[in-house]
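Chemist: Take a look at this one; I'll ask things after.
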Amino acid sequence: MPTSHLATLFQERMQAHPDRELVVHGARRMSYAEVERQAGGLAASLAGLGIGAGDKVAVDLPNWPEWIVALLAGARLGATVVPVDPALSFHELKYQLRHSEARAVVTPEVWNGTDYLELYEELLPDLPDLHHVITVGPEDVWTDDRFVQFEELVRTAEGRTAVRPSAVRPSAADADEPLALLYTSGTMGKPKGVLLSHRNLVETARLSAEALELRDGDRALAAVPFFHVFGVSTVVGTICAGGTLVLQERFEAGGALELLEQERVTVCHGVPTMFQLLMRDRTFAGRDLTALRTGVVAGAPVSPDLVRKIRTWCNVEIAYGLTETGPTICMTRHGDPA
């Protein structure tokens with residue numbers, strides 16, 4: 001039986017092809033082995049801070065490599081990762097962090113015009129459970145011992161043995177432990193936290209990958225935000241397939257088309273609006289998208305006309321799901337009518 005625990009699944013894929021790229025983000029290229037090294041270092045340092053099984057670790061990042069490293073470190077520790085939207089307002093962010101009882105958060109120093117160091121300094125007095133703010137960025141951070149740099153945690157843990165690969169042997173029962181706490185959009189009242197196990201997310205992603213006929217070494221565009229269950233499923237599904245994630249930290253059609261062409265992306269996921277914007281972009285007609293083979297369009301109603309247009313350049317499938325189901329319930333198959 002294939003494993004349903006994310007930490008074990010990643011170890012298997014890393015051992016099968018350690019030098020293959022897992023993450024491409026601008027000029028940064030990280031192999032499976034490099035992500036493993038960083039995730040192991042972060043997990044060891046988090047354990048040293050007292051973070052362990054059942055604790056909540058919020059990830060308040062855009063689609064950056066550190067998001068993937070944090071997810072895998074949390075999986076290794078048995079912690080529950082809480083993805084949050086980095087564009088949340090002050091009060092929305094405070095609600096989700098307080099409701100989740102997050103003990104640590106991984107956040108940018110600065111992103112999209114927001115100084116997150118100042119933001120969290122203001123938030124901390126109202127968040128008694130939040131003990132550690134882990135910052136991603138090049139600056140020296142506050143002398144306050146609650147603030148620590150992501151890179152420092154990874155670097156200082158190198159060589160430790162507390163949470164090395166040989167120590168990660170989750171049992172079959174561990175696959176039913178929580179992996180992620182995801183918040184719904186809150187269209188009817190406050191957002192609701194949905195607790196999903198390793199098995200929920202890994203099995204759904206694996207079955208979706210099989211339905212898409214993903215191949216070992218596929219390259220997937222990861223432009224759907226990772227704080228959404230669609231984005232989480234993109235990450236887990238690509239790992240299931242032993243593929244590469246080409247990250248776009250925030251979707252923009254021209255930049256996405258450039259990534260699709262230059263990185264020879266084979267799998268493109270998105271909501272209907274994303275595909276419409278790609279086709280409307282002035283550079284679309286001149287792009288070489290011949291590497292594209294498949295992908296998922298989901299998250300909103302998809303008309304047959306839109307499917308026909310997309311399938312002239314990428315043979316997408318249509319999926320339906322929701323946060324509570326981790327996410328996919330049903331999906332079309334190759335050859336199904338529009």
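To be explicit about the labels: the chains of the structure tokens are called A, B, and onward in the order shown, and within each one the residues are counted from 1, while ligands get numbers from 1 in the order they are shown.
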So which bits of segment 145-292 of chain A end up alpha helix (DSSP H) when you DSSP the backbone, as a ChimeraX atom specification?

Modeler: /A:150-156,198-212,229-240,253-262,272-280

Chemist: Sorted by chain and rising residue number, list the residues of segment 16-135 of chain A at most 12 Å from segment 262-265 of chain A (counting only C-alpha atoms), each with its closest atom pair and distance in Å to one decimal, as CSV.

Modeler:
residue,atom,partner,partner_atom,distance
A:Glu21,CA,A:Glu263,CA,11.5
A:Val23,CA,A:Glu263,CA,11.5
A:Val24,CA,A:Glu263,CA,8.8
A:His25,CA,A:Glu263,CA,10.6
A:Gly26,CA,A:Glu263,CA,10.5
A:Ala27,CA,A:Glu263,CA,11.7
A:Arg29,CA,A:Glu263,CA,11.6

Chemist: Enumerate the residues of segment 109-318 of chain A with a DSSP assignment of strand (DSSP E), computed from the backbone, and present them as JSON, numbers by chain.

Modeler: {"A": [110, 111, 114, 115, 132, 133, 134, 135, 136, 147, 148, 149, 178, 179, 180, 181, 182, 183, 193, 194, 195, 196, 197, 219, 220, 221, 222, 244, 245, 246, 247, 267, 268, 296, 297, 317, 318]}

Chemist: Choose the residue, out of A:Ala43, A:Val81, A:Leu49, A:Phe251, that has the smallest atom-to-atom separation from Glu177 of chain A; count only C-alpha atoms.

Modeler: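 Using only C-alpha atoms, the shortest distance to Glu177 of chain A belongs to A:Val81.
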
Chemist: Need to verify the contact set: Val267 of chain A, 8 Å, only C-alpha atoms, exclusion of same-chain residues closer than 3 positions in sequence. Can you return it as a short mmCIF file (atom, residue, chain, number, x, y, z; two decimals) with N, CA, C and O atoms, in the first residue's frame?

Modeler:
data_model
loop_
_atom_site.label_atom_id
_atom_site.label_comp_id
_atom_site.auth_asym_id
_atom_site.auth_seq_id
_atom_site.Cartn_x
_atom_site.Cartn_y
_atom_site.Cartn_z
N ASP A 218 6.65 15.47 -14.15
CA ASP A 218 5.83 16.58 -14.64
C ASP A 218 6.20 17.88 -13.95
O ASP A 218 6.71 17.89 -12.82
N ARG A 219 5.95 18.99 -14.65
CA ARG A 219 6.25 20.32 -14.12
C ARG A 219 4.94 21.10 -14.06
O ARG A 219 4.30 21.32 -15.08
N ALA A 220 4.55 21.50 -12.84
CA ALA A 220 3.25 22.12 -12.62
C ALA A 220 3.40 23.60 -12.27
O ALA A 220 4.24 23.96 -11.43
N LEU A 221 2.59 24.44 -12.91
CA LEU A 221 2.53 25.84 -12.52
C LEU A 221 1.77 25.95 -11.21
O LEU A 221 0.63 25.47 -11.10
N LEU A 292 2.64 21.95 -22.56
CA LEU A 292 1.45 21.77 -21.72
C LEU A 292 0.65 20.55 -22.16
O LEU A 292 0.40 20.34 -23.34
N ARG A 293 0.24 19.76 -21.16
CA ARG A 293 -0.50 18.55 -21.47
C ARG A 293 -1.84 18.48 -20.76
O ARG A 293 -2.84 18.06 -21.33
N THR A 294 -1.88 18.89 -19.50
CA THR A 294 -3.10 18.71 -18.72
C THR A 294 -3.14 19.71 -17.58
O THR A 294 -2.28 20.58 -17.46
N GLY A 295 -4.15 19.59 -16.73
CA GLY A 295 -4.32 20.48 -15.59
C GLY A 295 -5.76 20.44 -15.12
O GLY A 295 -6.59 19.71 -15.66
#

Chemist: Fewer than 6 positions away in the same chain doesn't count, so skip those; otherwise give me all residues within 9 Å of Val307 of chain A, counting only C-alpha atoms, as a ChimeraX atom specification.

Modeler: /A:297,315-318,338

Chemist: Write out, as a PDB file, in the first residue's frame, the residues just selected, with C-alpha atoms.

Modeler:
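Dumped everything to result-v3.pdb:
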ATOM      1  CA  VAL A 297      -9.868  24.115 -13.916  1.00  0.00           C
ATOM      2  CA  ASN A 315      -6.261  19.413 -22.268  1.00  0.00           C
ATOM      3  CA  VAL A 316      -7.640  20.398 -18.869  1.00  0.00           C
ATOM      4  CA  GLU A 317     -10.062  18.456 -16.710  1.00  0.00           C
ATOM      5  CA  ILE A 318     -12.872  19.993 -14.654  1.00  0.00           C
ATOM      6  CA  ALA A 338     -16.826  19.576 -22.825  1.00  0.00           C
TER       7      ALA A 338
END

Chemist: From the list A:Asp115, A:Ala53, A:Phe90, A:Glu109, which residue is nearest Pro138 of chain A when using only C-alpha atoms?

Modeler: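 When distances to Pro138 of chain A are compared using only C-alpha atoms, the smallest one comes from A:Glu109.
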
Chemist: Using only C-alpha atoms, determine which residues lie at most 10 Å from Ser100 of chain A, disregarding the query and same-chain residues fewer than 3 positions distant; provide the list as a PyMOL selection string.

Modeler: chain A and resi 55-58+80-82+94-97+103+129+181-183+193

Chemist: How about saving the chosen residues, all heavy atoms kept, as a short mmCIF file (atom, residue, chain, number, x, y, z; two decimals), in the first residue's frame?

Modeler:
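Saved to part_38.cif:
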data_model
loop_
_atom_site.label_atom_id
_atom_site.label_comp_id
_atom_site.auth_asym_id
_atom_site.auth_seq_id
_atom_site.Cartn_x
_atom_site.Cartn_y
_atom_site.Cartn_z
N ASP A 55 0.78 20.68 17.82
CA ASP A 55 0.88 22.14 17.87
C ASP A 55 0.54 22.74 16.52
O ASP A 55 0.77 22.13 15.47
CB ASP A 55 2.28 22.57 18.29
CG ASP A 55 2.55 22.31 19.77
OD1 ASP A 55 1.58 22.39 20.56
OD2 ASP A 55 3.70 22.03 20.13
N LYS A 56 0.03 23.96 16.52
CA LYS A 56 -0.34 24.65 15.29
C LYS A 56 0.78 25.61 14.88
O LYS A 56 1.25 26.41 15.69
CB LYS A 56 -1.64 25.45 15.47
CG LYS A 56 -2.79 24.69 16.10
CD LYS A 56 -3.27 23.56 15.25
CE LYS A 56 -4.65 23.05 15.69
NZ LYS A 56 -4.73 22.72 17.14
N VAL A 57 1.19 25.51 13.61
CA VAL A 57 2.20 26.41 13.03
C VAL A 57 1.54 27.12 11.85
O VAL A 57 1.25 26.49 10.83
CB VAL A 57 3.46 25.65 12.58
CG1 VAL A 57 4.46 26.61 11.94
CG2 VAL A 57 4.10 24.91 13.75
N ALA A 58 1.29 28.41 11.99
CA ALA A 58 0.68 29.18 10.90
C ALA A 58 1.73 29.53 9.86
O ALA A 58 2.90 29.77 10.19
CB ALA A 58 0.03 30.45 11.45
N THR A 80 0.44 20.70 13.12
CA THR A 80 -0.64 21.04 12.18
C THR A 80 -0.33 22.39 11.56
O THR A 80 -0.17 23.38 12.28
CB THR A 80 -1.99 21.10 12.90
OG1 THR A 80 -2.24 19.83 13.52
CG2 THR A 80 -3.12 21.41 11.92
N VAL A 81 -0.22 22.44 10.25
CA VAL A 81 0.09 23.67 9.53
C VAL A 81 -1.21 24.44 9.28
O VAL A 81 -2.23 23.86 8.88
CB VAL A 81 0.81 23.36 8.20
CG1 VAL A 81 1.00 24.62 7.37
CG2 VAL A 81 2.15 22.70 8.49
N VAL A 82 -1.16 25.75 9.53
CA VAL A 82 -2.34 26.61 9.36
C VAL A 82 -2.00 27.64 8.27
O VAL A 82 -1.39 28.67 8.55
CB VAL A 82 -2.71 27.33 10.67
CG1 VAL A 82 -4.01 28.13 10.48
CG2 VAL A 82 -2.84 26.35 11.82
N LYS A 94 -5.81 38.43 12.97
CA LYS A 94 -5.88 38.19 14.42
C LYS A 94 -6.91 37.12 14.75
O LYS A 94 -6.66 36.24 15.58
CB LYS A 94 -6.21 39.49 15.17
CG LYS A 94 -6.23 39.32 16.69
CD LYS A 94 -6.25 40.65 17.42
CE LYS A 94 -7.60 41.32 17.32
NZ LYS A 94 -7.68 42.51 18.22
N TYR A 95 -8.06 37.17 14.07
CA TYR A 95 -9.09 36.16 14.32
C TYR A 95 -8.59 34.75 14.00
O TYR A 95 -8.76 33.83 14.81
CB TYR A 95 -10.34 36.46 13.48
CG TYR A 95 -11.33 35.33 13.51
CD1 TYR A 95 -12.13 35.10 14.62
CD2 TYR A 95 -11.44 34.44 12.43
CE1 TYR A 95 -13.02 34.03 14.68
CE2 TYR A 95 -12.32 33.36 12.47
CZ TYR A 95 -13.11 33.17 13.59
OH TYR A 95 -13.98 32.11 13.63
N GLN A 96 -7.97 34.57 12.83
CA GLN A 96 -7.54 33.22 12.44
C GLN A 96 -6.41 32.70 13.32
O GLN A 96 -6.39 31.52 13.69
CB GLN A 96 -7.16 33.18 10.96
CG GLN A 96 -8.37 33.38 10.04
CD GLN A 96 -8.07 33.10 8.58
OE1 GLN A 96 -7.04 32.54 8.23
NE2 GLN A 96 -8.98 33.52 7.71
N LEU A 97 -5.47 33.56 13.67
CA LEU A 97 -4.37 33.12 14.53
C LEU A 97 -4.86 32.80 15.93
O LEU A 97 -4.41 31.83 16.56
CB LEU A 97 -3.29 34.20 14.59
CG LEU A 97 -2.51 34.43 13.29
CD1 LEU A 97 -1.59 35.64 13.43
CD2 LEU A 97 -1.71 33.19 12.88
N ARG A 103 0.93 28.42 17.74
CA ARG A 103 2.06 28.67 18.66
C ARG A 103 3.23 29.34 17.95
O ARG A 103 4.08 29.94 18.59
CB ARG A 103 2.53 27.35 19.27
CG ARG A 103 1.54 26.76 20.28
CD ARG A 103 2.20 25.70 21.11
NE ARG A 103 3.33 26.24 21.86
CZ ARG A 103 4.30 25.49 22.40
NH1 ARG A 103 4.29 24.18 22.24
NH2 ARG A 103 5.29 26.05 23.07
N ASP A 129 -1.23 32.62 22.75
CA ASP A 129 -0.68 31.31 22.36
C ASP A 129 0.51 31.43 21.42
O ASP A 129 1.26 30.47 21.24
CB ASP A 129 -1.76 30.47 21.67
CG ASP A 129 -2.90 30.10 22.60
OD1 ASP A 129 -2.62 29.52 23.66
OD2 ASP A 129 -4.06 30.43 22.28
N LEU A 181 -4.89 22.87 9.01
CA LEU A 181 -6.13 23.53 9.42
C LEU A 181 -6.33 24.68 8.44
O LEU A 181 -5.59 25.66 8.46
CB LEU A 181 -6.00 24.05 10.85
CG LEU A 181 -7.19 24.84 11.40
CD1 LEU A 181 -8.44 23.98 11.48
CD2 LEU A 181 -6.86 25.41 12.78
N LEU A 182 -7.32 24.53 7.56
CA LEU A 182 -7.57 25.50 6.50
C LEU A 182 -8.86 26.26 6.79
O LEU A 182 -9.85 25.67 7.22
CB LEU A 182 -7.67 24.80 5.15
CG LEU A 182 -6.34 24.27 4.62
CD1 LEU A 182 -6.51 22.90 4.00
CD2 LEU A 182 -5.78 25.24 3.59
N TYR A 183 -8.83 27.57 6.52
CA TYR A 183 -10.00 28.39 6.77
C TYR A 183 -10.81 28.59 5.50
O TYR A 183 -10.26 28.83 4.42
CB TYR A 183 -9.58 29.73 7.39
CG TYR A 183 -9.31 29.57 8.86
CD1 TYR A 183 -8.06 29.17 9.33
CD2 TYR A 183 -10.32 29.75 9.79
CE1 TYR A 183 -7.82 28.97 10.67
CE2 TYR A 183 -10.10 29.55 11.15
CZ TYR A 183 -8.85 29.16 11.59
OH TYR A 183 -8.62 28.95 12.93
N GLY A 193 -12.65 26.97 10.52
CA GLY A 193 -11.44 26.17 10.40
C GLY A 193 -11.78 24.73 10.09
O GLY A 193 -12.59 24.10 10.76
#

Chemist: List every residue of segment 163-253 of chain A that has an atom at most 10 Å from any atom of segment 274-289 of chain A, and for each one report the closest atom pair and its distance in Å to one decimal, counting only C-alpha atoms, with rows sorted by chain and then by increasing residue number, as JSON lines.

Modeler:
{"residue": "A:Ala223", "atom": "CA", "partner": "A:Met274", "partner_atom": "CA", "distance": 9.2}
{"residue": "A:Val224", "atom": "CA", "partner": "A:Met274", "partner_atom": "CA", "distance": 9.0}
{"residue": "A:Phe251", "atom": "CA", "partner": "A:Met274", "partner_atom": "CA", "distance": 7.8}
{"residue": "A:Glu252", "atom": "CA", "partner": "A:Leu277", "partner_atom": "CA", "distance": 8.4}
{"residue": "A:Ala253", "atom": "CA", "partner": "A:Leu278", "partner_atom": "CA", "distance": 5.0}

Chemist: Just to be explicit: take each residue in the selection above, keep C-alpha atoms, and write the result as an mmCIF file, in the first residue's frame.

Modeler:
data_model
loop_
_atom_site.group_PDB
_atom_site.id
_atom_site.type_symbol
_atom_site.label_atom_id
_atom_site.label_comp_id
_atom_site.auth_asym_id
_atom_site.auth_seq_id
_atom_site.Cartn_x
_atom_site.Cartn_y
_atom_site.Cartn_z
ATOM 1 C CA ALA A 223 -0.054 30.083 -9.194
ATOM 2 C CA VAL A 224 -3.172 29.195 -7.200
ATOM 3 C CA PHE A 251 -1.019 35.227 -10.365
ATOM 4 C CA GLU A 252 -0.480 37.666 -13.229
ATOM 5 C CA ALA A 253 -1.262 36.478 -16.749
#

Chemist: Report the distance between atom CA of Thr328 of chain A and atom CA of Thr238 of chain A in Å, rounded to one decimal place.

Modeler: 14.8 Å

Chemist: Write out as a PDB file with all heavy atoms, in the first residue's frame the residues lying within 8 Å of Asp176 of chain A, counting only C-alpha atoms and excluding same-chain residues fewer than 5 positions away.

Modeler:
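Writing done, so here's around.pdb:
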ATOM      1  N   SER A 197      -6.590  15.664   7.676  1.00  0.00           N
ATOM      2  CA  SER A 197      -5.496  14.757   8.033  1.00  0.00           C
ATOM      3  C   SER A 197      -4.537  14.574   6.858  1.00  0.00           C
ATOM      4  O   SER A 197      -4.811  14.972   5.718  1.00  0.00           O
ATOM      5  CB  SER A 197      -6.066  13.390   8.437  1.00  0.00           C
ATOM      6  OG  SER A 197      -6.608  12.735   7.293  1.00  0.00           O
ATOM      7  N   HIS A 198      -3.412  13.932   7.156  1.00  0.00           N
ATOM      8  CA  HIS A 198      -2.483  13.535   6.087  1.00  0.00           C
ATOM      9  C   HIS A 198      -3.230  12.697   5.053  1.00  0.00           C
ATOM     10  O   HIS A 198      -3.096  12.915   3.848  1.00  0.00           O
ATOM     11  CB  HIS A 198      -1.330  12.703   6.661  1.00  0.00           C
ATOM     12  CG  HIS A 198      -0.360  13.494   7.472  1.00  0.00           C
ATOM     13  ND1 HIS A 198       0.871  13.877   6.995  1.00  0.00           N
ATOM     14  CD2 HIS A 198      -0.438  13.987   8.740  1.00  0.00           C
ATOM     15  CE1 HIS A 198       1.519  14.556   7.924  1.00  0.00           C
ATOM     16  NE2 HIS A 198       0.741  14.643   8.998  1.00  0.00           N
ATOM     17  N   ARG A 199      -4.022  11.721   5.532  1.00  0.00           N
ATOM     18  CA  ARG A 199      -4.735  10.836   4.618  1.00  0.00           C
ATOM     19  C   ARG A 199      -5.719  11.620   3.744  1.00  0.00           C
ATOM     20  O   ARG A 199      -5.824  11.375   2.542  1.00  0.00           O
ATOM     21  CB  ARG A 199      -5.463   9.733   5.389  1.00  0.00           C
ATOM     22  CG  ARG A 199      -5.997   8.624   4.484  1.00  0.00           C
ATOM     23  CD  ARG A 199      -6.775   7.558   5.265  1.00  0.00           C
ATOM     24  NE  ARG A 199      -6.043   7.050   6.402  1.00  0.00           N
ATOM     25  CZ  ARG A 199      -5.065   6.147   6.326  1.00  0.00           C
ATOM     26  NH1 ARG A 199      -4.703   5.670   5.143  1.00  0.00           N
ATOM     27  NH2 ARG A 199      -4.452   5.724   7.413  1.00  0.00           N
ATOM     28  N   ASN A 200      -6.471  12.560   4.350  1.00  0.00           N
ATOM     29  CA  ASN A 200      -7.398  13.384   3.576  1.00  0.00           C
ATOM     30  C   ASN A 200      -6.705  14.010   2.380  1.00  0.00           C
ATOM     31  O   ASN A 200      -7.156  13.903   1.238  1.00  0.00           O
ATOM     32  CB  ASN A 200      -7.964  14.525   4.433  1.00  0.00           C
ATOM     33  CG  ASN A 200      -8.907  14.099   5.531  1.00  0.00           C
ATOM     34  OD1 ASN A 200      -8.971  14.753   6.565  1.00  0.00           O
ATOM     35  ND2 ASN A 200      -9.635  13.013   5.334  1.00  0.00           N
TER      36      ASN A 200
END

Chemist: In terms of the shortest atom-to-atom distance over only C-alpha atoms, which of A:Glu324, A:Asp126, A:Glu66, A:Asp174 is closest to Phe226 of chain A?

Modeler: A:Glu66

Chemist: Excluding Ile68 of chain A and residues on its chain fewer than 5 positions from it, collect all residues at most 9 Å away from it, counting only C-alpha atoms, and give them as a list in words.

Modeler: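 In the requested format, the answer is Val23, Val35, Ala39, Asn63, Ala73 and Val235 of chain A.
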
Chemist: With distances taken over only C-alpha atoms, which of A:Gln11, A:Thr204, A:Thr135, A:Thr312 is nearest to Leu61 of chain A?

Modeler: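 Going through A:Gln11, A:Thr204, A:Thr135, A:Thr312 one by one, the smallest distance to Leu61 of chain A is for A:Thr135.
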
Chemist: Measuring atom to atom with only C-alpha atoms, identify which of A:His131, A:Ile329, A:Leu260, A:Gly255 is nearest to Trp313 of chain A.

Modeler: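 Ranking A:His131, A:Ile329, A:Leu260, A:Gly255 by distance to Trp313 of chain A, first place goes to A:Leu260.
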
Chemist: In Å, rounded to a single decimal, give me how far atom CA of Val271 of chain A is from atom CA of Ala300 of chain A.

Modeler: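 Distance between the two atoms: 6.6 Å.
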
Chemist: Using only C-alpha atoms, pick whichever of A:Ala298, A:Ala175, A:Leu93, A:Met30 has the shortest atom-to-atom distance to Leu247 of chain A.

Modeler: A:Met30
